[in-house]
Amino acid sequence: MSLVSSLKHSIFVRIYAGLLIVCLCVALFAQLLMDTINKERVQSYRENMAMGAFHLVSEGIAHQNSEEEREYWLSDASSLFGTTFKVLPIDEVDFSASELRRFKNDNTVVRYFNQPVYADVYYRLPDNKSVLTARISQVTEQQVRAIAVFLLDDLSYHMTLSDKRARLAELEKKFSFPLAFKAVNTLELDSDQMARLRRDEVVISLQDTNSSTSNSAIRVIVPSEINDMAILIGPIPLFNWFPLNLIISMILISMFLISLGVYALIFPLERKLQLIQVGVNEVSQGNLDIQVQVIGQDEIARLSATFNAMTSHIKRLIESQRELTRAVSHELRTPVARIRFAVDMLADTDDEDSRFMQRDYIDEDIESLNGLIDEILTYAKLEEGSPKLDLEPVNLRELLEQIERETNALGKPIKIVTSLPNAKVTAVADRRYLHRVIQNLAGNALRYAETTIIISAGVKKGNAFVSVEDDGHGIPEADREKVFIPFSRLDDSRTRASGGYGLGLSIVSRIAFWFNGSMKVDESRELGGARFVMTWPIKPLTQILAADELTQEKSERDFDTKLSD
């Protein structure tokens, strides 16, 4: 079975495949979302880290009195920082609208490139007409020490400690990490760090942490001109690609999306089961007319179709039981009454010939009763449930030749014409029941034919058929459906006087149903009388049967199409 067929006919395969697709889609979505978020986070991190340093450089430029001094100071800053600082007119750089908005908010603009790896950093100067820019390939310890020097240079313009503190608080707004004056003895420095600090060296230390809620960071301790005081820069958090809050958020989002996907997969199954539950509730209350909606072709759809067929079959069984109860009591009265009359006659007469005649009458009535009982049992067996069918390839030509011999052996003055198919034509069927169908149809035709009946069989477009026609008076169109009703009798030519019990055609109809076929009666084009045609698929029955009426209507439409071809 192909994958498409499995998805079409198995709801569980669809659910499993759907779950796999949902998980893959959610994983892909989570990966894309994580990459997008991290790109935004790292971009924001770069801009925040660069802003403080570039603000200090711009302030250093602003403190110079002449253009020559500014050029000289910028050259020294570039050497100290390890990269070249430039001042460009803002109009010479093609900035996007979002970058210009960042300038209006006094933020830096960082343009990051992967091949080769570098970043161009831009910071708008206070004149609003030019930008300070530098190209940075990587962040180094030299740059960190340069920032400390820029900070000390800026604070040198403020003499008192209070002024320096105020200036440091003002500068802190441009940094994404704290700036503060701290007493040296509160910084928890080791002896080597204390010695370097006394030599007026910048001390950089790493604060590593095993906590899942905080990241590693660095501290920069800058010696100041105030005794026993140092400037603490930081802690400066290192960028964490997968912080705990982001991971938790992605897990929650993924679980939510998977839950939505699972609900979307399960909801159709739940809805179908609810429809079946409604049908079961209706049947439990005695409503056998309920029909559950059949959606799709999967297991639940087949269950719904089986439920509909079951309710229709139960309804038909109940109606059939009522019909049999009424009809059997009526059909048995006549032969029983005749037997009672013959017994009374035997008791009242001493004539030996009369006794033998009454005995013969009783034998005939008993034989009639036996035949009626056999017909009733056959019909009840076909009606009560699915009979055991011994399906096998049946040679239609051999079967028709057998029927012809058996029908001629009855000695009726009726011409039997058989339209024999090719000797290799076969159809899959239960031979015993198929023989019963043709035999019943032929016997029915013999009772009403005047001179001729035609029996034919064959295969056309995947369907097998058998047909029996007679040259009798035919059946009026309005009465054609009634002939298949058990114990039914029609007026005019097809009366009780013609013989039979009214069950032969009902038996034929039920056999056609269990063959997943149909029975049709219309007018014979060749003989002018009635024509009975049964069609059924030539392959074994493999599908769920729907309600009788739906199956028969479909089969009739199919056969009408074949006859018109």
# chains A, B, ... in the order shown; residues from 1 in each chain; ligands from 1
$ select_by_dssp --residues "region 273-354 of chain A" --states "helix (DSSP H, G or I)" --output "number ranges by chain"
A: 273-284, 299-348, 352-354
$ residues_around --residues "region 119-130 of chain A" --least-positions-apart "3" --cutoff "12 Å" --atoms "only C-alpha atoms" --output "ChimeraX atom specification"
/A:43,46-62,83-95,99-116,133-139,174
$ residues_around --residues "Gly279 (chain A)" --least-positions-apart "5" --cutoff "9 Å" --atoms "only C-alpha atoms" --output "VMD selection string"
chain A and resid 274 284 287 290 to 292 307 to 308
$ residues_around --residues "region 231-245 of chain A" --least-positions-apart "2" --cutoff "7 Å" --atoms "only C-alpha atoms" --output "ChimeraX atom specification"
/A:38,177-182,212-213,215-224,229,247-249
$ atom_distance --atom1 "CA of Ala423 (chain A)" --atom2 "CA of Arg405 (chain A)"
17.2 Å
$ residues_around --residues "Lys272 (chain A)" --least-positions-apart "5" --cutoff "12 Å" --atoms "only C-alpha atoms" --output "PDB file with all heavy atoms, in the first residue's frame"
ATOM      1  N   ILE A  11      -6.400   6.698   9.835  1.00  0.00           N
ATOM      2  CA  ILE A  11      -6.341   7.941  10.620  1.00  0.00           C
ATOM      3  C   ILE A  11      -5.144   7.926  11.549  1.00  0.00           C
ATOM      4  O   ILE A  11      -4.552   8.959  11.851  1.00  0.00           O
ATOM      5  CB  ILE A  11      -7.663   8.140  11.388  1.00  0.00           C
ATOM      6  CG1 ILE A  11      -7.716   9.556  11.957  1.00  0.00           C
ATOM      7  CG2 ILE A  11      -7.824   7.108  12.504  1.00  0.00           C
ATOM      8  CD1 ILE A  11      -9.068   9.922  12.509  1.00  0.00           C
ATOM      9  N   ILE A 266      -6.068  15.725  16.456  1.00  0.00           N
ATOM     10  CA  ILE A 266      -7.005  14.898  17.218  1.00  0.00           C
ATOM     11  C   ILE A 266      -8.438  15.376  17.073  1.00  0.00           C
ATOM     12  O   ILE A 266      -9.374  14.567  17.147  1.00  0.00           O
ATOM     13  CB  ILE A 266      -6.591  14.887  18.705  1.00  0.00           C
ATOM     14  CG1 ILE A 266      -5.185  14.282  18.855  1.00  0.00           C
ATOM     15  CG2 ILE A 266      -7.574  14.083  19.545  1.00  0.00           C
ATOM     16  CD1 ILE A 266      -5.065  12.854  18.377  1.00  0.00           C
ATOM     17  N   PHE A 267      -8.640  16.674  16.828  1.00  0.00           N
ATOM     18  CA  PHE A 267     -10.005  17.212  16.796  1.00  0.00           C
ATOM     19  C   PHE A 267     -10.897  16.514  15.763  1.00  0.00           C
ATOM     20  O   PHE A 267     -12.054  16.188  16.063  1.00  0.00           O
ATOM     21  CB  PHE A 267      -9.967  18.718  16.531  1.00  0.00           C
ATOM     22  CG  PHE A 267     -11.339  19.335  16.420  1.00  0.00           C
ATOM     23  CD1 PHE A 267     -12.123  19.516  17.551  1.00  0.00           C
ATOM     24  CD2 PHE A 267     -11.854  19.709  15.186  1.00  0.00           C
ATOM     25  CE1 PHE A 267     -13.387  20.063  17.451  1.00  0.00           C
ATOM     26  CE2 PHE A 267     -13.111  20.257  15.074  1.00  0.00           C
ATOM     27  CZ  PHE A 267     -13.885  20.442  16.211  1.00  0.00           C
ATOM     28  N   GLN A 277     -21.155   8.559  18.589  1.00  0.00           N
ATOM     29  CA  GLN A 277     -21.783   8.482  19.908  1.00  0.00           C
ATOM     30  C   GLN A 277     -23.218   8.974  19.864  1.00  0.00           C
ATOM     31  O   GLN A 277     -24.114   8.389  20.483  1.00  0.00           O
ATOM     32  CB  GLN A 277     -20.965   9.313  20.911  1.00  0.00           C
ATOM     33  CG  GLN A 277     -21.500   9.266  22.337  1.00  0.00           C
ATOM     34  CD  GLN A 277     -21.459   7.867  22.913  1.00  0.00           C
ATOM     35  OE1 GLN A 277     -20.421   7.211  22.874  1.00  0.00           O
ATOM     36  NE2 GLN A 277     -22.578   7.385  23.424  1.00  0.00           N
ATOM     37  N   VAL A 278     -23.451  10.045  19.106  1.00  0.00           N
ATOM     38  CA  VAL A 278     -24.822  10.546  18.944  1.00  0.00           C
ATOM     39  C   VAL A 278     -25.692   9.472  18.293  1.00  0.00           C
ATOM     40  O   VAL A 278     -26.838   9.242  18.706  1.00  0.00           O
ATOM     41  CB  VAL A 278     -24.818  11.844  18.110  1.00  0.00           C
ATOM     42  CG1 VAL A 278     -26.248  12.239  17.740  1.00  0.00           C
ATOM     43  CG2 VAL A 278     -24.151  12.975  18.885  1.00  0.00           C
ATOM     44  N   GLY A 279     -25.142   8.816  17.259  1.00  0.00           N
ATOM     45  CA  GLY A 279     -25.901   7.750  16.599  1.00  0.00           C
ATOM     46  C   GLY A 279     -26.198   6.598  17.537  1.00  0.00           C
ATOM     47  O   GLY A 279     -27.319   6.057  17.537  1.00  0.00           O
ATOM     48  N   VAL A 292     -25.350   7.987  10.591  1.00  0.00           N
ATOM     49  CA  VAL A 292     -24.171   8.761  10.975  1.00  0.00           C
ATOM     50  C   VAL A 292     -23.481   9.273   9.726  1.00  0.00           C
ATOM     51  O   VAL A 292     -23.344   8.554   8.731  1.00  0.00           O
ATOM     52  CB  VAL A 292     -23.203   7.898  11.810  1.00  0.00           C
ATOM     53  CG1 VAL A 292     -21.938   8.670  12.133  1.00  0.00           C
ATOM     54  CG2 VAL A 292     -23.879   7.445  13.084  1.00  0.00           C
ATOM     55  N   GLN A 293     -23.064  10.533   9.763  1.00  0.00           N
ATOM     56  CA  GLN A 293     -22.349  11.107   8.621  1.00  0.00           C
ATOM     57  C   GLN A 293     -21.004  10.421   8.429  1.00  0.00           C
ATOM     58  O   GLN A 293     -20.218  10.303   9.370  1.00  0.00           O
ATOM     59  CB  GLN A 293     -22.143  12.608   8.830  1.00  0.00           C
ATOM     60  CG  GLN A 293     -21.492  13.304   7.642  1.00  0.00           C
ATOM     61  CD  GLN A 293     -21.306  14.792   7.880  1.00  0.00           C
ATOM     62  OE1 GLN A 293     -21.619  15.302   8.954  1.00  0.00           O
ATOM     63  NE2 GLN A 293     -20.779  15.484   6.902  1.00  0.00           N
ATOM     64  N   VAL A 294     -20.734   9.972   7.219  1.00  0.00           N
ATOM     65  CA  VAL A 294     -19.468   9.306   6.895  1.00  0.00           C
ATOM     66  C   VAL A 294     -18.529  10.335   6.291  1.00  0.00           C
ATOM     67  O   VAL A 294     -18.797  10.892   5.229  1.00  0.00           O
ATOM     68  CB  VAL A 294     -19.683   8.140   5.910  1.00  0.00           C
ATOM     69  CG1 VAL A 294     -18.362   7.467   5.581  1.00  0.00           C
ATOM     70  CG2 VAL A 294     -20.658   7.133   6.496  1.00  0.00           C
ATOM     71  N   ILE A 295     -17.401  10.606   7.005  1.00  0.00           N
ATOM     72  CA  ILE A 295     -16.437  11.618   6.575  1.00  0.00           C
ATOM     73  C   ILE A 295     -15.112  10.930   6.269  1.00  0.00           C
ATOM     74  O   ILE A 295     -14.495  10.329   7.138  1.00  0.00           O
ATOM     75  CB  ILE A 295     -16.237  12.684   7.667  1.00  0.00           C
ATOM     76  CG1 ILE A 295     -17.574  13.325   8.041  1.00  0.00           C
ATOM     77  CG2 ILE A 295     -15.248  13.747   7.210  1.00  0.00           C
ATOM     78  CD1 ILE A 295     -17.477  14.282   9.204  1.00  0.00           C
ATOM     79  N   GLY A 296     -14.672  11.021   5.019  1.00  0.00           N
ATOM     80  CA  GLY A 296     -13.379  10.442   4.645  1.00  0.00           C
ATOM     81  C   GLY A 296     -13.465   8.957   4.360  1.00  0.00           C
ATOM     82  O   GLY A 296     -14.557   8.390   4.166  1.00  0.00           O
ATOM     83  N   GLN A 297     -12.282   8.304   4.364  1.00  0.00           N
ATOM     84  CA  GLN A 297     -12.200   6.884   4.047  1.00  0.00           C
ATOM     85  C   GLN A 297     -11.325   6.131   5.036  1.00  0.00           C
ATOM     86  O   GLN A 297     -10.824   5.063   4.737  1.00  0.00           O
ATOM     87  CB  GLN A 297     -11.644   6.697   2.631  1.00  0.00           C
ATOM     88  CG  GLN A 297     -12.490   7.344   1.534  1.00  0.00           C
ATOM     89  CD  GLN A 297     -11.914   7.127   0.158  1.00  0.00           C
ATOM     90  OE1 GLN A 297     -10.989   6.360  -0.027  1.00  0.00           O
ATOM     91  NE2 GLN A 297     -12.449   7.825  -0.818  1.00  0.00           N
ATOM     92  N   ASP A 298     -11.129   6.683   6.231  1.00  0.00           N
ATOM     93  CA  ASP A 298     -10.259   6.052   7.209  1.00  0.00           C
ATOM     94  C   ASP A 298     -11.037   5.078   8.081  1.00  0.00           C
ATOM     95  O   ASP A 298     -12.191   4.738   7.794  1.00  0.00           O
ATOM     96  CB  ASP A 298      -9.561   7.105   8.067  1.00  0.00           C
ATOM     97  CG  ASP A 298     -10.553   8.102   8.659  1.00  0.00           C
ATOM     98  OD1 ASP A 298     -11.672   7.683   9.008  1.00  0.00           O
ATOM     99  OD2 ASP A 298     -10.212   9.284   8.778  1.00  0.00           O
ATOM    100  N   GLU A 299     -10.390   4.613   9.169  1.00  0.00           N
ATOM    101  CA  GLU A 299     -11.019   3.617  10.046  1.00  0.00           C
ATOM    102  C   GLU A 299     -12.323   4.121  10.655  1.00  0.00           C
ATOM    103  O   GLU A 299     -13.299   3.373  10.749  1.00  0.00           O
ATOM    104  CB  GLU A 299     -10.050   3.225  11.173  1.00  0.00           C
ATOM    105  CG  GLU A 299      -8.822   2.463  10.720  1.00  0.00           C
ATOM    106  CD  GLU A 299      -7.661   3.370  10.410  1.00  0.00           C
ATOM    107  OE1 GLU A 299      -7.902   4.584  10.229  1.00  0.00           O
ATOM    108  OE2 GLU A 299      -6.517   2.878  10.351  1.00  0.00           O
ATOM    109  N   ILE A 300     -12.337   5.388  11.069  1.00  0.00           N
ATOM    110  CA  ILE A 300     -13.553   5.939  11.675  1.00  0.00           C
ATOM    111  C   ILE A 300     -14.657   6.037  10.635  1.00  0.00           C
ATOM    112  O   ILE A 300     -15.835   5.779  10.925  1.00  0.00           O
ATOM    113  CB  ILE A 300     -13.271   7.309  12.305  1.00  0.00           C
ATOM    114  CG1 ILE A 300     -12.096   7.217  13.287  1.00  0.00           C
ATOM    115  CG2 ILE A 300     -14.499   7.827  13.030  1.00  0.00           C
ATOM    116  CD1 ILE A 300     -12.339   6.255  14.427  1.00  0.00           C
ATOM    117  N   ALA A 301     -14.303   6.411   9.407  1.00  0.00           N
ATOM    118  CA  ALA A 301     -15.301   6.474   8.337  1.00  0.00           C
ATOM    119  C   ALA A 301     -15.872   5.082   8.057  1.00  0.00           C
ATOM    120  O   ALA A 301     -17.085   4.923   7.866  1.00  0.00           O
ATOM    121  CB  ALA A 301     -14.682   7.062   7.071  1.00  0.00           C
ATOM    122  N   ARG A 302     -14.980   4.070   8.045  1.00  0.00           N
ATOM    123  CA  ARG A 302     -15.478   2.716   7.818  1.00  0.00           C
ATOM    124  C   ARG A 302     -16.335   2.251   8.994  1.00  0.00           C
ATOM    125  O   ARG A 302     -17.317   1.518   8.806  1.00  0.00           O
ATOM    126  CB  ARG A 302     -14.294   1.773   7.597  1.00  0.00           C
ATOM    127  CG  ARG A 302     -13.541   2.052   6.300  1.00  0.00           C
ATOM    128  CD  ARG A 302     -12.623   0.905   5.937  1.00  0.00           C
ATOM    129  NE  ARG A 302     -11.492   0.787   6.827  1.00  0.00           N
ATOM    130  CZ  ARG A 302     -10.355   1.444   6.669  1.00  0.00           C
ATOM    131  NH1 ARG A 302     -10.210   2.297   5.669  1.00  0.00           N
ATOM    132  NH2 ARG A 302      -9.350   1.257   7.509  1.00  0.00           N
ATOM    133  N   LEU A 303     -15.969   2.674  10.205  1.00  0.00           N
ATOM    134  CA  LEU A 303     -16.790   2.351  11.367  1.00  0.00           C
ATOM    135  C   LEU A 303     -18.165   3.005  11.259  1.00  0.00           C
ATOM    136  O   LEU A 303     -19.189   2.381  11.565  1.00  0.00           O
ATOM    137  CB  LEU A 303     -16.083   2.815  12.648  1.00  0.00           C
ATOM    138  CG  LEU A 303     -16.839   2.607  13.963  1.00  0.00           C
ATOM    139  CD1 LEU A 303     -17.122   1.130  14.203  1.00  0.00           C
ATOM    140  CD2 LEU A 303     -16.048   3.191  15.129  1.00  0.00           C
ATOM    141  N   SER A 304     -18.200   4.249  10.790  1.00  0.00           N
ATOM    142  CA  SER A 304     -19.478   4.944  10.605  1.00  0.00           C
ATOM    143  C   SER A 304     -20.330   4.237   9.550  1.00  0.00           C
ATOM    144  O   SER A 304     -21.537   4.050   9.736  1.00  0.00           O
ATOM    145  CB  SER A 304     -19.224   6.399  10.195  1.00  0.00           C
ATOM    146  OG  SER A 304     -18.492   7.086  11.177  1.00  0.00           O
ATOM    147  N   ALA A 305     -19.679   3.844   8.442  1.00  0.00           N
ATOM    148  CA  ALA A 305     -20.420   3.133   7.395  1.00  0.00           C
ATOM    149  C   ALA A 305     -20.948   1.802   7.913  1.00  0.00           C
ATOM    150  O   ALA A 305     -22.087   1.403   7.615  1.00  0.00           O
ATOM    151  CB  ALA A 305     -19.520   2.920   6.173  1.00  0.00           C
TER     152      ALA A 305
END
$ residues_around --residues "region 462-479 of chain A" --least-positions-apart "2" --cutoff "7 Å" --atoms "only C-alpha atoms" --output "PyMOL selection string"
chain A and resi 427+441-442+445+448-460+481-483+493+523-524+527-538
$ write_last_selection --atoms "C-alpha atoms" --output "PDB file, in the first residue's frame"
ATOM      1  CA  ALA A 427     -16.900 -14.523 -12.446  1.00  0.00           C
ATOM      2  CA  LEU A 441     -35.526 -16.574 -12.275  1.00  0.00           C
ATOM      3  CA  ALA A 442     -35.974 -19.336 -14.875  1.00  0.00           C
ATOM      4  CA  ALA A 445     -40.223 -17.014 -16.203  1.00  0.00           C
ATOM      5  CA  TYR A 448     -45.560 -16.535 -16.977  1.00  0.00           C
ATOM      6  CA  ALA A 449     -44.040 -17.134 -20.427  1.00  0.00           C
ATOM      7  CA  GLU A 450     -46.307 -18.033 -23.315  1.00  0.00           C
ATOM      8  CA  THR A 451     -43.800 -19.631 -25.724  1.00  0.00           C
ATOM      9  CA  THR A 452     -40.193 -18.587 -25.061  1.00  0.00           C
ATOM     10  CA  ILE A 453     -37.707 -17.544 -22.393  1.00  0.00           C
ATOM     11  CA  ILE A 454     -34.117 -16.329 -22.922  1.00  0.00           C
ATOM     12  CA  ILE A 455     -31.345 -16.984 -20.378  1.00  0.00           C
ATOM     13  CA  SER A 456     -28.035 -15.147 -20.799  1.00  0.00           C
ATOM     14  CA  ALA A 457     -24.922 -14.311 -18.803  1.00  0.00           C
ATOM     15  CA  GLY A 458     -21.603 -12.567 -19.320  1.00  0.00           C
ATOM     16  CA  VAL A 459     -19.062 -10.025 -18.078  1.00  0.00           C
ATOM     17  CA  LYS A 460     -18.893  -6.378 -19.050  1.00  0.00           C
ATOM     18  CA  GLU A 481     -40.362  -2.866  -7.091  1.00  0.00           C
ATOM     19  CA  LYS A 482     -43.107  -4.873  -5.376  1.00  0.00           C
ATOM     20  CA  VAL A 483     -42.062  -8.197  -6.905  1.00  0.00           C
ATOM     21  CA  SER A 493     -51.277 -12.194 -15.076  1.00  0.00           C
ATOM     22  CA  GLU A 523     -39.244  -4.878 -20.197  1.00  0.00           C
ATOM     23  CA  SER A 524     -37.593  -7.365 -22.557  1.00  0.00           C
ATOM     24  CA  LEU A 527     -39.686 -10.801 -26.276  1.00  0.00           C
ATOM     25  CA  GLY A 528     -41.778  -7.941 -24.905  1.00  0.00           C
ATOM     26  CA  GLY A 529     -42.352  -9.556 -21.492  1.00  0.00           C
ATOM     27  CA  ALA A 530     -40.444  -9.151 -18.258  1.00  0.00           C
ATOM     28  CA  ARG A 531     -36.675  -9.130 -18.028  1.00  0.00           C
ATOM     29  CA  PHE A 532     -34.870  -9.815 -14.731  1.00  0.00           C
ATOM     30  CA  VAL A 533     -31.189  -8.865 -14.566  1.00  0.00           C
ATOM     31  CA  MET A 534     -28.739  -9.401 -11.715  1.00  0.00           C
ATOM     32  CA  THR A 535     -25.295  -7.738 -11.768  1.00  0.00           C
ATOM     33  CA  TRP A 536     -22.385  -8.069  -9.334  1.00  0.00           C
ATOM     34  CA  PRO A 537     -18.637  -7.318  -9.295  1.00  0.00           C
ATOM     35  CA  ILE A 538     -16.516 -10.078 -10.803  1.00  0.00           C
TER      36      ILE A 538
END
$ residues_around --residues "Leu28 (chain A)" --least-positions-apart "6" --cutoff "12 Å" --atoms "only C-alpha atoms" --output "PDB file with C-alpha atoms, in the first residue's frame"
ATOM      1  CA  ILE A  21       5.635  16.857  10.723  1.00  0.00           C
ATOM      2  CA  VAL A  22       4.451  19.077  13.575  1.00  0.00           C
ATOM      3  CA  MET A  34      16.263  31.422  18.112  1.00  0.00           C
ATOM      4  CA  ASP A  35      18.619  32.594  15.349  1.00  0.00           C
ATOM      5  CA  MET A 250      11.514  28.670  23.420  1.00  0.00           C
ATOM      6  CA  SER A 254       7.435  24.939  21.220  1.00  0.00           C
ATOM      7  CA  LEU A 257       2.782  25.017  19.095  1.00  0.00           C
TER       8      LEU A 257
END
$ closest_residue --among "A:Cys25, A:Val144, A:Leu265, A:Leu161" --to "Val203 (chain A)" --atoms "only C-alpha atoms"
A:Val144
$ select_by_dssp --residues "region 24-89 of chain A" --states "strand (DSSP E)" --output "PyMOL selection string"
chain A and resi 85-89
$ write_last_selection --atoms "N, CA, C and O atoms" --output "compact mmCIF listing (two decimals), in the first residue's frame"
# COMPACT_ATOMS: atom_id res chain seq x y z
N PHE A 85 40.32 55.90 14.20
CA PHE A 85 39.09 56.68 14.33
C PHE A 85 39.04 57.72 13.23
O PHE A 85 40.07 58.35 12.91
N LYS A 86 37.87 57.91 12.65
CA LYS A 86 37.68 58.92 11.60
C LYS A 86 36.44 59.73 11.92
O LYS A 86 35.49 59.23 12.51
N VAL A 87 36.44 60.97 11.47
CA VAL A 87 35.26 61.83 11.56
C VAL A 87 34.82 62.11 10.13
O VAL A 87 35.58 62.67 9.33
N LEU A 88 33.59 61.67 9.79
CA LEU A 88 33.07 61.82 8.43
C LEU A 88 31.79 62.65 8.47
O LEU A 88 31.02 62.57 9.44
N PRO A 89 31.54 63.43 7.40
CA PRO A 89 30.23 64.10 7.31
C PRO A 89 29.12 63.04 7.24
O PRO A 89 29.26 62.02 6.55
$ atom_distance --atom1 "CA of Leu168 (chain A)" --atom2 "CA of Leu155 (chain A)"
7.7 Å
$ closest_residue --among "A:Val343, A:Leu317, A:Leu400, A:Leu446" --to "Lys412 (chain A)" --atoms "only C-alpha atoms"
A:Leu446
$ closest_residue --among "A:Asn422, A:Ser162, A:Gln142, A:Gln31" --to "Ile204 (chain A)" --atoms "only C-alpha atoms"
A:Gln142
$ atom_distance --atom1 "CA of Arg338 (chain A)" --atom2 "CA of Gly443 (chain A)"
25.3 Å
